[in-house]
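Notes follow once the structure below has been shown.
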Amino acid sequence: MANTTSTTQDGTDGKKVGYNEKGDEVSVRSSSEVNIREDEVNPGELTFEEDAAGGMGRHLGVFSCTMLIVGRIIGTGIFSTPSSILSSVGSVGASLMLWVLGFVLSFCGLFVWLEYGTMFPRSGGEKVYLEAVYKKPKFLATVIFATNAILLGFTASGCIVFADNILVSAGHAADRWVVRGIALGVIFFVTLLHGLVPRLGIALMNALSVFKIVILLFVVISGWVVLSGKTHIKDPHANFRNAFAGSSHSSNDYATATFKVLNAYAGWSNVNYVMNEVKDPVRTLKIAGPLGLGICAVLYLLANVAYFAAATKQEIKKSGVTVAALFFGNVFGAKAEKALSVFVALSALGNVITVTYAASRVNQELAKEGVPLPFGNKFWASNWPTGKSPLPGLIVHLIPSVIIILGPPPAVAYPFILDVEGYPGQIINLFIVLGLFWLRWKKPHLKRPFKVWLPFAVFFCAAAVFLLVAPFLRPANKVGDTPPLPYYLYCLVGIAIMVVGVLYWAAWRIVLPKILGYELVPRKEVLEDGTVVNVFSRKKVE
């Protein structure tokens, strides 16, 4: 049989590496220039060159990567969650302090992820880092992460916020099924956009990220004008006098509110998920990461000040998911409030586009690794049908998003979804930072183009532990912020999802092979689009 050869770039010096397919087997000619050498830790089953094969190649520069972070961070959080955060902690001062804490924690986390990302410049983010550290039992870390990434990898809340705000701007009542219909239209549009015309999707993603920065700058500048006393707002400084009055004394309240703040900052690791598509990935990550998060952190803090200058505490608490619309309504009137609803909707759309882009690459990486999926993992790992973008990975992301949109009522689901998404993410974060300490101890000579200052990593680790323990402590109001649901329910749901991952791994690797009498034999295949996939065949055990 004649050999077929495809090529890809190794991402470090532009040299190409060849792939030779012989039947089902793949042999790879290694490059001495690759960042991850044989004496270093190789995450997963695929080599660096194999993992980077296929797709669009390296096409994301510093600007696109910075916008990838900005577009992911600035979504619905800064426009919708300040009211629930204020309700949780009880005072303006405590609320602002939590936004500062979220900024500090996010930067500490960013530096940890920068160290990992420059050591292992491959797509997949936490999947790669868990595989580099927790190698035994084999594939356990991969499958647990896969369960979390797939089941909680939806963008339903962004679609719902888009629908709500479009209806407000059009003057229509937010009927439940109208909201769901619009939200479904959004997630299907984004899936097809990235799956069929990926370059247009990236261009739209960048444009909407720039648009978000402009909108937040407008909010910030408007807030400065309000604070100057030159508007009809009677006492813009009222919320800043005795700012800590009414602060909660419950650690549960602060932990739950911190989850929401961190969710609003979520996205600083977005480039880590798509490293196979980044030009000069190590240099680009070191620039785009701090720049993107820094832009968002400054805008977030100043936007909160603007909100508190233009409305009373009671108005903000009652505003629900429309706190930004409340701000514009108070400052500019009802017409401006409707106009801002359009802006918030576009921001939510940009966030959905950005989240979906990165999530599909993570799903593809999981399939490439050999995680068992319905109909086999080769299809889900492919760049079908264009050969450039992983539409199957986008479909994996689409399915749970549709379920969440059609499932619970949006008003109840939105705050609960934020909490559920945050908890297992913190469990993974804890294991990631503990893994960093282990690598520093066991593998001190690994090539590290960036090294986080250890006190930052220790602080991030301590915060992760607190955020895992505190939600189980009874809140001051004894019901939490998602009544009638129990205050601890989101923690249990998050843990249950990770337990499902353990059971799925056990069934795949231990129980079924033992009952049916076979062993799993791995091999590597090259797909038509050049993607290298790790697949398993069953060998009968005599």
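The way I read the labels, and the way they are meant: chains A, B, ... in the order of the structure tokens, residue 1 as the first residue of every chain, and ligand 1 as the first ligand shown, with later ones counted on from there.
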List every residue of range 188-390 of chain A that DSSP, applied to the backbone of this structure, assigns to alpha helix (DSSP H), and report them as number ranges by chain.
A: 188-196, 198-227, 251-265, 281-310, 313-318, 323-332, 334-369, 377-381
Skipping near chain neighbours, those fewer than 2 positions away, what residues fall within 6 Å of Asn252 in chain A using only C-alpha atoms, listed as a PyMOL selection string?
chain A and resi 250+254-255+470-471+473+475
Could you take the residues named above and write them with all heavy atoms, as an mmCIF file, in the first residue's frame?
```
data_model
loop_
_atom_site.group_PDB
_atom_site.id
_atom_site.type_symbol
_atom_site.label_atom_id
_atom_site.label_comp_id
_atom_site.auth_asym_id
_atom_site.auth_seq_id
_atom_site.Cartn_x
_atom_site.Cartn_y
_atom_site.Cartn_z
ATOM 1 N N SER A 250 -21.564 36.188 56.499
ATOM 2 C CA SER A 250 -21.587 34.761 56.176
ATOM 3 C C SER A 250 -20.534 34.433 55.125
ATOM 4 O O SER A 250 -20.507 35.040 54.050
ATOM 5 C CB SER A 250 -22.981 34.363 55.656
ATOM 6 O OG SER A 250 -22.943 33.086 55.051
ATOM 7 N N TYR A 254 -20.127 35.116 50.708
ATOM 8 C CA TYR A 254 -18.952 35.624 49.995
ATOM 9 C C TYR A 254 -18.419 34.595 48.995
ATOM 10 O O TYR A 254 -17.971 34.952 47.901
ATOM 11 C CB TYR A 254 -17.859 36.016 50.991
ATOM 12 C CG TYR A 254 -18.171 37.298 51.712
ATOM 13 C CD1 TYR A 254 -18.758 37.286 52.973
ATOM 14 C CD2 TYR A 254 -17.896 38.533 51.124
ATOM 15 C CE1 TYR A 254 -19.070 38.462 53.633
ATOM 16 C CE2 TYR A 254 -18.198 39.720 51.782
ATOM 17 C CZ TYR A 254 -18.791 39.682 53.034
ATOM 18 O OH TYR A 254 -19.103 40.849 53.675
ATOM 19 N N ALA A 255 -18.476 33.334 49.367
ATOM 20 C CA ALA A 255 -17.997 32.300 48.450
ATOM 21 C C ALA A 255 -18.875 32.228 47.205
ATOM 22 O O ALA A 255 -18.379 32.168 46.072
ATOM 23 C CB ALA A 255 -17.977 30.943 49.153
ATOM 24 N N ALA A 470 -16.357 26.752 51.596
ATOM 25 C CA ALA A 470 -17.299 27.753 52.103
ATOM 26 C C ALA A 470 -18.739 27.570 51.623
ATOM 27 O O ALA A 470 -19.678 27.839 52.404
ATOM 28 C CB ALA A 470 -16.796 29.154 51.750
ATOM 29 N N PRO A 471 -19.004 27.146 50.389
ATOM 30 C CA PRO A 471 -20.408 27.026 49.967
ATOM 31 C C PRO A 471 -21.230 26.031 50.772
ATOM 32 O O PRO A 471 -22.460 26.076 50.722
ATOM 33 C CB PRO A 471 -20.287 26.566 48.495
ATOM 34 C CG PRO A 471 -18.958 27.055 48.043
ATOM 35 C CD PRO A 471 -18.079 26.939 49.246
ATOM 36 N N LEU A 473 -21.203 25.947 54.025
ATOM 37 C CA LEU A 473 -21.569 26.600 55.279
ATOM 38 C C LEU A 473 -22.884 27.346 55.093
ATOM 39 O O LEU A 473 -23.096 28.015 54.084
ATOM 40 C CB LEU A 473 -20.456 27.560 55.710
ATOM 41 C CG LEU A 473 -19.053 26.939 55.831
ATOM 42 C CD1 LEU A 473 -18.025 27.997 56.199
ATOM 43 C CD2 LEU A 473 -19.045 25.813 56.855
ATOM 44 N N PRO A 475 -25.657 29.931 54.778
ATOM 45 C CA PRO A 475 -25.640 31.389 54.594
ATOM 46 C C PRO A 475 -26.479 32.091 55.641
ATOM 47 O O PRO A 475 -27.309 31.471 56.318
ATOM 48 C CB PRO A 475 -26.227 31.573 53.191
ATOM 49 C CG PRO A 475 -27.083 30.370 52.983
ATOM 50 C CD PRO A 475 -26.403 29.243 53.717
#
```
Range 68-80 of chain A environment, 9 Å, only C-alpha atoms, sequence neighbours closer than 6 positions dropped, as number ranges by chain
A: 157-158, 161-162, 202, 205-206, 208-210, 212-213, 260-261, 263-271, 288-289, 291-293, 295-296, 300, 303-304, 319-325, 344-345, 347-355, 358
Any idea what's packed within 8 Å of range 377-394 of chain A, counting only C-alpha atoms, ignoring anything in its chain fewer than 3 positions away? Could you give it as a CSV table (one decimal) with C-alpha atoms, in the first residue's frame?
```
chain,number,residue,atom,x,y,z
A,54,GLY,CA,-4.7,19.2,10.7
A,55,GLY,CA,-7.1,22.2,10.7
A,56,MET,CA,-6.3,25.7,9.7
A,191,THR,CA,-22.3,26.5,15.4
A,192,LEU,CA,-22.7,26.8,11.6
A,194,HIS,CA,-17.6,28.4,13.1
A,195,GLY,CA,-18.2,25.0,11.4
A,196,LEU,CA,-18.6,26.2,7.8
A,198,PRO,CA,-14.4,29.7,10.3
A,356,THR,CA,-18.1,28.2,21.3
A,357,TYR,CA,-14.9,28.6,19.2
A,359,ALA,CA,-14.9,24.9,23.5
A,360,SER,CA,-15.1,23.1,20.1
A,361,ARG,CA,-11.3,22.8,20.1
A,362,VAL,CA,-11.3,21.3,23.5
A,363,ASN,CA,-13.9,18.8,22.5
A,364,GLN,CA,-11.8,17.9,19.4
A,365,GLU,CA,-8.7,17.4,21.6
A,366,LEU,CA,-10.6,15.1,23.9
A,367,ALA,CA,-11.8,13.0,20.9
A,368,LYS,CA,-8.2,13.0,19.4
A,370,GLY,CA,-9.3,8.6,22.4
A,371,VAL,CA,-12.0,9.4,24.9
A,372,PRO,CA,-14.9,7.1,24.1
A,373,LEU,CA,-17.8,8.9,22.4
A,374,PRO,CA,-20.9,7.6,20.6
A,397,HIS,CA,-20.9,21.8,22.4
A,398,LEU,CA,-24.3,22.4,20.8
A,527,LEU,CA,-7.7,11.3,9.0
A,529,ASP,CA,-7.9,16.3,6.8
A,531,THR,CA,-5.7,15.2,12.0
A,533,VAL,CA,-6.2,10.5,16.3
A,535,VAL,CA,-8.1,5.1,18.6
```
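Minimum atom-to-atom distance to Val104 in chain A, evaluated using only C-alpha atoms, belongs to A:Gly294 out of A:Ser88, A:Gly494, A:Ala238, A:Gly294.
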State, in Å with one decimal place, the distance from CA of Leu439 in chain A to CA of Val133 in chain A.
7.3 Å
Using only C-alpha atoms, find each residue in range 392-467 of chain A having at least one atom no more than 8 Å away from range 179-188 of chain A; report its shortest atom-to-atom pair and that distance in Å (one decimal), rows by chain then rising number, as a tab-separated table.
```
residue	atom	partner	partner_atom	distance
A:Leu398	CA	A:Ile187	CA	6.9
A:Ser401	CA	A:Ile187	CA	7.6
A:Val402	CA	A:Leu184	CA	6.6
A:Ile405	CA	A:Arg180	CA	6.0
A:Leu406	CA	A:Arg180	CA	6.4
```
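Distance check against Phe431 in chain A using only C-alpha atoms: of A:Ile497, A:Leu512, A:Ala132, A:Met67, the minimum falls on A:Ala132.
In this structure, CA of Ser123 in chain A sits 18.8 Å away from CA of Leu152 in chain A.
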Would you list the contacts of Ser169 in chain A as a PyMOL selection string, taking every protein, DNA or RNA residue within 7 Å and counting only C-alpha atoms, but skipping same-chain residues closer than 5 positions in sequence?
chain A and resi 338-339+341-342
Could the residues in this selection be written to a file with N, CA and C atoms, as an mmCIF file, in the first residue's frame?
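The result, written out as again.cif:
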```
data_model
loop_
_atom_site.group_PDB
_atom_site.id
_atom_site.type_symbol
_atom_site.label_atom_id
_atom_site.label_comp_id
_atom_site.auth_asym_id
_atom_site.auth_seq_id
_atom_site.Cartn_x
_atom_site.Cartn_y
_atom_site.Cartn_z
ATOM 1 N N LYS A 338 -33.385 51.170 26.070
ATOM 2 C CA LYS A 338 -33.658 50.215 24.995
ATOM 3 C C LYS A 338 -32.450 50.044 24.085
ATOM 4 N N ALA A 339 -31.756 51.160 23.810
ATOM 5 C CA ALA A 339 -30.565 51.082 22.959
ATOM 6 C C ALA A 339 -29.495 50.226 23.618
ATOM 7 N N SER A 341 -29.941 47.799 25.573
ATOM 8 C CA SER A 341 -30.341 46.400 25.487
ATOM 9 C C SER A 341 -29.806 45.754 24.214
ATOM 10 N N VAL A 342 -29.770 46.525 23.129
ATOM 11 C CA VAL A 342 -29.188 46.020 21.885
ATOM 12 C C VAL A 342 -27.696 45.775 22.073
#
```
Counting only C-alpha atoms, the option among A:Gln314, A:Ser106, A:Asn242, A:Ser87 closest to Gly480 in chain A:
A:Ser87
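Taking CA of Val458 in chain A and CA of Val100 in chain A as endpoints, the distance between them is 18.1 Å.
Minimum distance to Glu115 in chain A across A:Ile432, A:Leu326, A:Ala306, A:Val502 (counting only C-alpha atoms) occurs at A:Ile432.
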Extract, using only C-alpha atoms, all DNA, RNA and protein residues at most 9 Å from range 445-454 of chain A, discarding same-chain residues fewer than 2 positions from it, and format them as a ChimeraX atom specification.
/A:35-36,39-41,108,111-119,282-283,286,437,439-440,442-443,456-459
For the residues in the current selection, export N, CA, C and O atoms as a compact mmCIF listing (two decimals), in the first residue's frame.
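Ended up saving to result.txt:
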```
# COMPACT_ATOMS: atom_id res chain seq x y z
N ASN A 35 9.41 22.05 21.57
CA ASN A 35 9.54 22.49 22.96
C ASN A 35 9.58 21.31 23.93
O ASN A 35 10.31 21.30 24.90
N ILE A 36 8.70 20.32 23.70
CA ILE A 36 8.59 19.20 24.63
C ILE A 36 9.48 18.08 24.11
O ILE A 36 9.16 17.39 23.16
N ASP A 39 12.99 13.91 27.00
CA ASP A 39 13.32 13.83 28.42
C ASP A 39 12.35 14.63 29.27
O ASP A 39 12.51 14.71 30.48
N GLU A 40 11.35 15.24 28.66
CA GLU A 40 10.38 16.02 29.40
C GLU A 40 9.04 15.27 29.48
O GLU A 40 8.88 14.19 28.92
N VAL A 41 8.10 15.88 30.16
CA VAL A 41 6.79 15.27 30.34
C VAL A 41 5.97 15.50 29.07
O VAL A 41 5.78 16.62 28.64
N CYS A 108 -3.51 35.74 39.34
CA CYS A 108 -2.72 34.63 39.90
C CYS A 108 -2.95 33.36 39.08
O CYS A 108 -2.00 32.64 38.76
N PHE A 111 -1.18 33.53 35.68
CA PHE A 111 0.26 33.27 35.73
C PHE A 111 0.55 31.76 35.86
O PHE A 111 1.52 31.27 35.29
N VAL A 112 -0.30 31.05 36.61
CA VAL A 112 -0.15 29.60 36.69
C VAL A 112 -0.36 28.98 35.31
O VAL A 112 0.42 28.14 34.86
N TRP A 113 -1.40 29.42 34.62
CA TRP A 113 -1.71 28.88 33.30
C TRP A 113 -0.66 29.30 32.26
O TRP A 113 -0.42 28.56 31.30
N LEU A 114 -0.04 30.45 32.47
CA LEU A 114 1.04 30.87 31.57
C LEU A 114 2.23 29.92 31.70
O LEU A 114 2.86 29.57 30.70
N GLU A 115 2.54 29.51 32.92
CA GLU A 115 3.65 28.57 33.10
C GLU A 115 3.33 27.25 32.41
O GLU A 115 4.17 26.70 31.67
N TYR A 116 2.13 26.73 32.62
CA TYR A 116 1.74 25.49 31.96
C TYR A 116 1.70 25.66 30.44
O TYR A 116 2.20 24.82 29.68
N GLY A 117 1.09 26.75 29.98
CA GLY A 117 0.88 26.95 28.56
C GLY A 117 2.17 27.12 27.78
O GLY A 117 2.26 26.71 26.61
N THR A 118 3.18 27.72 28.41
CA THR A 118 4.47 27.88 27.73
C THR A 118 5.31 26.60 27.82
O THR A 118 6.18 26.38 26.97
N MET A 119 5.07 25.77 28.83
CA MET A 119 5.73 24.47 28.89
C MET A 119 5.13 23.50 27.88
O MET A 119 5.83 22.73 27.24
N VAL A 282 4.26 30.51 22.29
CA VAL A 282 4.80 30.89 23.60
C VAL A 282 4.85 32.40 23.75
O VAL A 282 4.36 32.97 24.74
N ARG A 283 5.42 33.08 22.77
CA ARG A 283 5.50 34.55 22.83
C ARG A 283 4.11 35.18 22.83
O ARG A 283 3.82 36.09 23.63
N LYS A 286 2.27 34.85 26.20
CA LYS A 286 2.83 35.71 27.26
C LYS A 286 2.41 37.17 27.09
O LYS A 286 2.37 37.92 28.07
N PHE A 437 2.97 22.56 41.65
CA PHE A 437 3.93 22.35 42.74
C PHE A 437 4.67 21.02 42.56
O PHE A 437 5.87 20.93 42.79
N LEU A 439 5.26 19.39 39.74
CA LEU A 439 6.22 19.49 38.63
C LEU A 439 7.46 20.28 39.04
O LEU A 439 8.58 19.95 38.63
N ARG A 440 7.26 21.34 39.82
CA ARG A 440 8.42 22.12 40.29
C ARG A 440 9.34 21.25 41.15
O ARG A 440 10.57 21.40 41.11
N LYS A 442 9.36 17.62 41.27
CA LYS A 442 9.84 16.40 40.62
C LYS A 442 10.57 16.67 39.31
O LYS A 442 11.43 15.88 38.90
N LYS A 443 10.20 17.74 38.60
CA LYS A 443 10.79 18.03 37.29
C LYS A 443 11.36 19.44 37.27
O LYS A 443 10.92 20.30 36.48
N PHE A 456 2.13 33.62 44.37
CA PHE A 456 0.89 33.78 43.60
C PHE A 456 0.17 32.44 43.47
O PHE A 456 -1.05 32.37 43.61
N ALA A 457 0.95 31.38 43.19
CA ALA A 457 0.35 30.06 43.06
C ALA A 457 -0.23 29.58 44.39
O ALA A 457 -1.29 28.95 44.43
N VAL A 458 0.48 29.86 45.51
CA VAL A 458 -0.01 29.47 46.83
C VAL A 458 -1.32 30.20 47.15
O VAL A 458 -2.27 29.60 47.67
N PHE A 459 -1.38 31.49 46.84
CA PHE A 459 -2.60 32.27 47.09
C PHE A 459 -3.76 31.73 46.26
O PHE A 459 -4.89 31.57 46.76
```
Need the shell around Val420 in chain A: protein/DNA/RNA residues with any atom at most 10 Å away, counting only C-alpha atoms. Skip same-chain ones fewer than 5 positions apart. Format as a PyMOL selection string?
chain A and resi 152+259+415+425+489-495+497
Could the residues in this selection be written to a file with C-alpha atoms, as a short mmCIF file (atom, residue, chain, number, x, y, z; two decimals), in the first residue's frame?
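Full text of part.cif as output:
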```
data_model
loop_
_atom_site.label_atom_id
_atom_site.label_comp_id
_atom_site.auth_asym_id
_atom_site.auth_seq_id
_atom_site.Cartn_x
_atom_site.Cartn_y
_atom_site.Cartn_z
CA LEU A 152 -21.00 21.88 31.57
CA PHE A 259 -17.95 32.31 42.16
CA PRO A 415 -28.06 32.18 38.63
CA GLY A 425 -14.09 24.31 37.69
CA LEU A 489 -27.28 21.98 45.76
CA TYR A 490 -24.99 23.44 43.11
CA CYS A 491 -21.94 22.04 44.93
CA LEU A 492 -23.47 18.56 45.00
CA VAL A 493 -24.42 18.77 41.32
CA GLY A 494 -20.87 19.81 40.43
CA ILE A 495 -19.35 16.95 42.45
CA ILE A 497 -20.78 15.43 37.45
#
```
Which of A:Glu542, A:Asp175, A:Asp235, A:Glu525 sits closest to Asp51 in chain A [using only C-alpha atoms]
A:Glu525
